[in-house]
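Asker: This is the structure, below, for whatever I ask next.
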Amino acid sequence: MNSMVSTLSSGSQAEASSRRGSRLLAAALSFAILYIGALAATELEAIPKALRIAIALLPVPAFAFFLVEWIRNIRGLDELERRVQLESLAVAFPLSVVLLMALGLIQSVTQLNPLDWSYRHVWPFLVAFYFFGLVLARRRYR
Amino acid sequence: MRNRLRVLRAERDWTQADLAEKLEVSRQTVNALETGKYDPSLPLAFRIAKLFGVTIEEIFRPEEEAVLSPEAESS
């Protein structure tokens, strides 16, 4: 009886984990679609500036939704997976600081081309640093 | 930390996935525990001990202790 309850409980846990994963993926996709759409729309000069600013903010609620799902997902992880996430961030955060600091220092010497080094070009680096940290942490416990 | 998790699991003919399900952790976590790459928290160590019906000390042992008394490893 106990093992049956245990199997049912672990089965429902796997289902819950799968549900969380699906919701997280849906949230990530909706953010990505909105971001790419907003990126394209903000470059259309035919659209009035005020409207373009409103469009530029459209991905923010989608990201907030993604963030809620992300936190929910983290809370559902087991202790090793949580440690892996922590170590990923422990790598990503200092790398992000170094990147921003270096860009800031360079900018105090010379004007960086905003077509290459604006905020929208820099933030994907922070995501890349997170994934770099994730790979390092996963390898450590593999 | 050294542990007898792999031995205890094998004695029961469980796969890593079976043990992971019973402990409500991922299979990767079970693998990391067995290979000694990850030491469990106290609550997880208690869950493991309860599942196998032994004490925590019968499963986990400090590295230096395991090195000092290798004969205890085989018991």
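If you're wondering about the labels, chains in the structure tokens are A, B, ... by order shown, residues count from 1 in each chain, ligands from 1 in order shown.
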Within 7 Å of chain A, which residues of chain B show up? Give each one with its shortest atom-to-atom distance in Å (one decimal) and the two atoms involved, counting only C-alpha atoms, rows by chain then rising residue number, as JSON lines.
Answerer:
{"residue": "B:Glu21", "atom": "CA", "partner": "A:Ser10", "partner_atom": "CA", "distance": 5.4}
{"residue": "B:Lys22", "atom": "CA", "partner": "A:Ser6", "partner_atom": "CA", "distance": 6.6}
{"residue": "B:Glu24", "atom": "CA", "partner": "A:Ser10", "partner_atom": "CA", "distance": 6.0}
{"residue": "B:Val25", "atom": "CA", "partner": "A:Asp78", "partner_atom": "CA", "distance": 5.5}
{"residue": "B:Thr29", "atom": "CA", "partner": "A:Leu80", "partner_atom": "CA", "distance": 6.0}
{"residue": "B:Ala32", "atom": "CA", "partner": "A:Tyr141", "partner_atom": "CA", "distance": 5.6}
{"residue": "B:Lys37", "atom": "CA", "partner": "A:Tyr141", "partner_atom": "CA", "distance": 5.7}
{"residue": "B:Tyr38", "atom": "CA", "partner": "A:Tyr141", "partner_atom": "CA", "distance": 6.9}
Asker: Env of A:Val97: 12 Å cut, atoms = only C-alpha atoms, seq-sep filter 6 positions within chain, self excluded. Answer as a list in words.
Answerer: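 Near A:Val97, the qualifying residues are Leu89, Ala90, Val91, Leu103, Gly104, Val122, Trp123, Phe125, Leu126 and Phe129 of chain A.
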Asker: Which of chain B end up as alpha helix (DSSP H) when DSSP is run on this backbone - answer as a PyMOL selection string?
Answerer: chain B and resi 5-11+16-23+27-34+42-52+56-59+63-68+70-74
Asker: Write the residues of the preceding selection, restricted to N, CA and C atoms, as a short mmCIF file (atom, residue, chain, number, x, y, z; two decimals), in the first residue's frame.
Answerer:
data_model
loop_
_atom_site.label_atom_id
_atom_site.label_comp_id
_atom_site.auth_asym_id
_atom_site.auth_seq_id
_atom_site.Cartn_x
_atom_site.Cartn_y
_atom_site.Cartn_z
N LEU B 5 25.28 3.78 -1.40
CA LEU B 5 23.99 3.91 -2.09
C LEU B 5 23.87 2.94 -3.27
N ARG B 6 24.94 2.85 -4.05
CA ARG B 6 24.89 1.99 -5.24
C ARG B 6 24.70 0.51 -4.83
N VAL B 7 25.40 0.13 -3.75
CA VAL B 7 25.31 -1.26 -3.26
C VAL B 7 23.89 -1.54 -2.77
N LEU B 8 23.37 -0.62 -1.96
CA LEU B 8 22.03 -0.82 -1.40
C LEU B 8 20.98 -0.86 -2.51
N ARG B 9 21.17 -0.04 -3.51
CA ARG B 9 20.22 -0.02 -4.64
C ARG B 9 20.31 -1.33 -5.42
N ALA B 10 21.53 -1.77 -5.67
CA ALA B 10 21.73 -3.01 -6.43
C ALA B 10 21.14 -4.21 -5.69
N GLU B 11 21.28 -4.20 -4.37
CA GLU B 11 20.72 -5.30 -3.56
C GLU B 11 19.21 -5.44 -3.76
N GLN B 16 18.57 3.40 -11.21
CA GLN B 16 18.71 4.77 -10.68
C GLN B 16 17.38 5.51 -10.80
N ALA B 17 16.68 5.23 -11.90
CA ALA B 17 15.39 5.90 -12.10
C ALA B 17 14.38 5.48 -11.03
N ASP B 18 14.41 4.18 -10.67
CA ASP B 18 13.50 3.68 -9.62
C ASP B 18 13.77 4.42 -8.31
N LEU B 19 15.08 4.48 -7.97
CA LEU B 19 15.45 5.13 -6.71
C LEU B 19 15.09 6.62 -6.75
N ALA B 20 15.32 7.24 -7.90
CA ALA B 20 15.00 8.67 -8.05
C ALA B 20 13.51 8.91 -7.80
N GLU B 21 12.68 8.01 -8.36
CA GLU B 21 11.23 8.14 -8.18
C GLU B 21 10.85 8.03 -6.70
N LYS B 22 11.46 7.04 -6.06
CA LYS B 22 11.13 6.79 -4.64
C LYS B 22 11.58 7.96 -3.76
N LEU B 23 12.70 8.57 -4.13
CA LEU B 23 13.22 9.69 -3.31
C LEU B 23 12.66 11.04 -3.76
N ARG B 27 17.00 11.59 -11.71
CA ARG B 27 17.96 10.48 -11.85
C ARG B 27 19.39 11.02 -11.79
N GLN B 28 19.60 12.23 -12.31
CA GLN B 28 20.93 12.85 -12.27
C GLN B 28 21.39 13.05 -10.82
N THR B 29 20.43 13.37 -9.96
CA THR B 29 20.77 13.57 -8.54
C THR B 29 21.22 12.24 -7.92
N VAL B 30 20.49 11.16 -8.25
CA VAL B 30 20.88 9.85 -7.72
C VAL B 30 22.28 9.49 -8.22
N ASN B 31 22.54 9.75 -9.49
CA ASN B 31 23.86 9.45 -10.06
C ASN B 31 24.95 10.26 -9.35
N ALA B 32 24.69 11.54 -9.14
CA ALA B 32 25.68 12.40 -8.47
C ALA B 32 25.93 11.94 -7.03
N LEU B 33 24.86 11.45 -6.37
CA LEU B 33 25.01 10.94 -5.00
C LEU B 33 25.87 9.68 -5.01
N GLU B 34 25.55 8.77 -5.94
CA GLU B 34 26.27 7.49 -5.98
C GLU B 34 27.75 7.67 -6.31
N LEU B 42 20.68 17.08 4.91
CA LEU B 42 20.26 16.19 6.00
C LEU B 42 18.85 15.61 5.76
N PRO B 43 17.86 16.45 5.34
CA PRO B 43 16.53 15.86 5.10
C PRO B 43 16.56 14.76 4.04
N LEU B 44 17.35 14.96 2.96
CA LEU B 44 17.42 13.92 1.91
C LEU B 44 18.14 12.69 2.44
N ALA B 45 19.19 12.89 3.23
CA ALA B 45 19.91 11.75 3.82
C ALA B 45 18.97 10.95 4.71
N PHE B 46 18.11 11.62 5.46
CA PHE B 46 17.14 10.91 6.30
C PHE B 46 16.14 10.13 5.44
N ARG B 47 15.71 10.75 4.32
CA ARG B 47 14.76 10.07 3.43
C ARG B 47 15.40 8.80 2.85
N ILE B 48 16.69 8.92 2.48
CA ILE B 48 17.41 7.77 1.91
C ILE B 48 17.51 6.66 2.95
N ALA B 49 17.91 7.05 4.17
CA ALA B 49 18.08 6.07 5.25
C ALA B 49 16.75 5.37 5.54
N LYS B 50 15.67 6.15 5.58
CA LYS B 50 14.35 5.58 5.88
C LYS B 50 13.93 4.61 4.77
N LEU B 51 14.21 5.00 3.53
CA LEU B 51 13.83 4.15 2.40
C LEU B 51 14.53 2.79 2.47
N PHE B 52 15.81 2.79 2.84
CA PHE B 52 16.56 1.53 2.90
C PHE B 52 16.45 0.85 4.27
N ILE B 56 21.61 6.68 8.87
CA ILE B 56 22.41 7.50 7.94
C ILE B 56 23.88 7.05 7.96
N GLU B 57 24.38 6.73 9.18
CA GLU B 57 25.79 6.34 9.31
C GLU B 57 26.09 5.03 8.59
N GLU B 58 25.06 4.22 8.39
CA GLU B 58 25.28 2.96 7.69
C GLU B 58 25.38 3.17 6.17
N ILE B 59 24.99 4.34 5.73
CA ILE B 59 25.06 4.64 4.28
C ILE B 59 26.21 5.61 3.99
N GLU B 63 34.94 10.90 4.25
CA GLU B 63 36.01 10.41 3.37
C GLU B 63 37.20 9.88 4.17
N GLU B 64 37.64 10.67 5.19
CA GLU B 64 38.85 10.28 5.95
C GLU B 64 38.62 8.97 6.70
N GLU B 65 37.40 8.81 7.21
CA GLU B 65 37.06 7.59 7.95
C GLU B 65 37.10 6.39 7.01
N ALA B 66 36.58 6.59 5.80
CA ALA B 66 36.56 5.51 4.81
C ALA B 66 37.98 5.13 4.41
N VAL B 67 38.88 6.13 4.36
CA VAL B 67 40.27 5.87 3.99
C VAL B 67 40.99 5.15 5.12
N LEU B 68 40.69 5.58 6.37
CA LEU B 68 41.37 5.00 7.52
C LEU B 68 40.97 3.54 7.76
N PRO B 70 39.46 0.85 5.54
CA PRO B 70 38.92 0.32 4.29
C PRO B 70 38.16 -0.98 4.48
N GLU B 71 38.47 -1.73 5.55
CA GLU B 71 37.77 -3.00 5.76
C GLU B 71 36.30 -2.77 6.08
N ALA B 72 36.01 -1.61 6.67
CA ALA B 72 34.61 -1.28 7.00
C ALA B 72 33.79 -1.11 5.73
N GLU B 73 34.46 -0.74 4.66
CA GLU B 73 33.80 -0.51 3.36
C GLU B 73 33.12 -1.78 2.86
N SER B 74 33.84 -2.93 3.08
CA SER B 74 33.32 -4.19 2.55
C SER B 74 32.22 -4.79 3.41
#
Asker: Name the closest residue to A:Arg20 among the candidates A:Gln85, A:Ser118, A:Asn73, A:Asn113; distances are taken between atoms, counting only C-alpha atoms.
Answerer: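 Of the candidates, the smallest distance to A:Arg20 is held by A:Asn73.
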Asker: Name all residues at most 10 Å from A:Leu86 (count only C-alpha atoms; drop same-chain ones fewer than 6 positions away) and give them as a VMD selection string.
Answerer: chain A and resid 80 92 133 to 134 137
Asker: Hey, can you check how far atom CA of A:Glu45 sits from atom CA of A:Pro61?
Answerer: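 Computed distance, atom CA of A:Glu45 to atom CA of A:Pro61, equals 24.1 Å.
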Asker: Using only C-alpha atoms, determine which residues lie at most 12 Å from A:Leu25, disregarding the query and same-chain residues fewer than 2 positions distant; provide the list as a ChimeraX atom specification.
Answerer: /A:18-23,27-32,65-67,69-70,73
Asker: In Å to one decimal, how far is atom CA of A:Val127 from atom CA of A:Ser88?
Answerer: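 Those two atoms sit 10.7 Å apart.
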Asker: Using Å and a single decimal, report how far atom CA of A:Lys49 sits from atom CA of A:Ala62.
Answerer: 21.7 Å
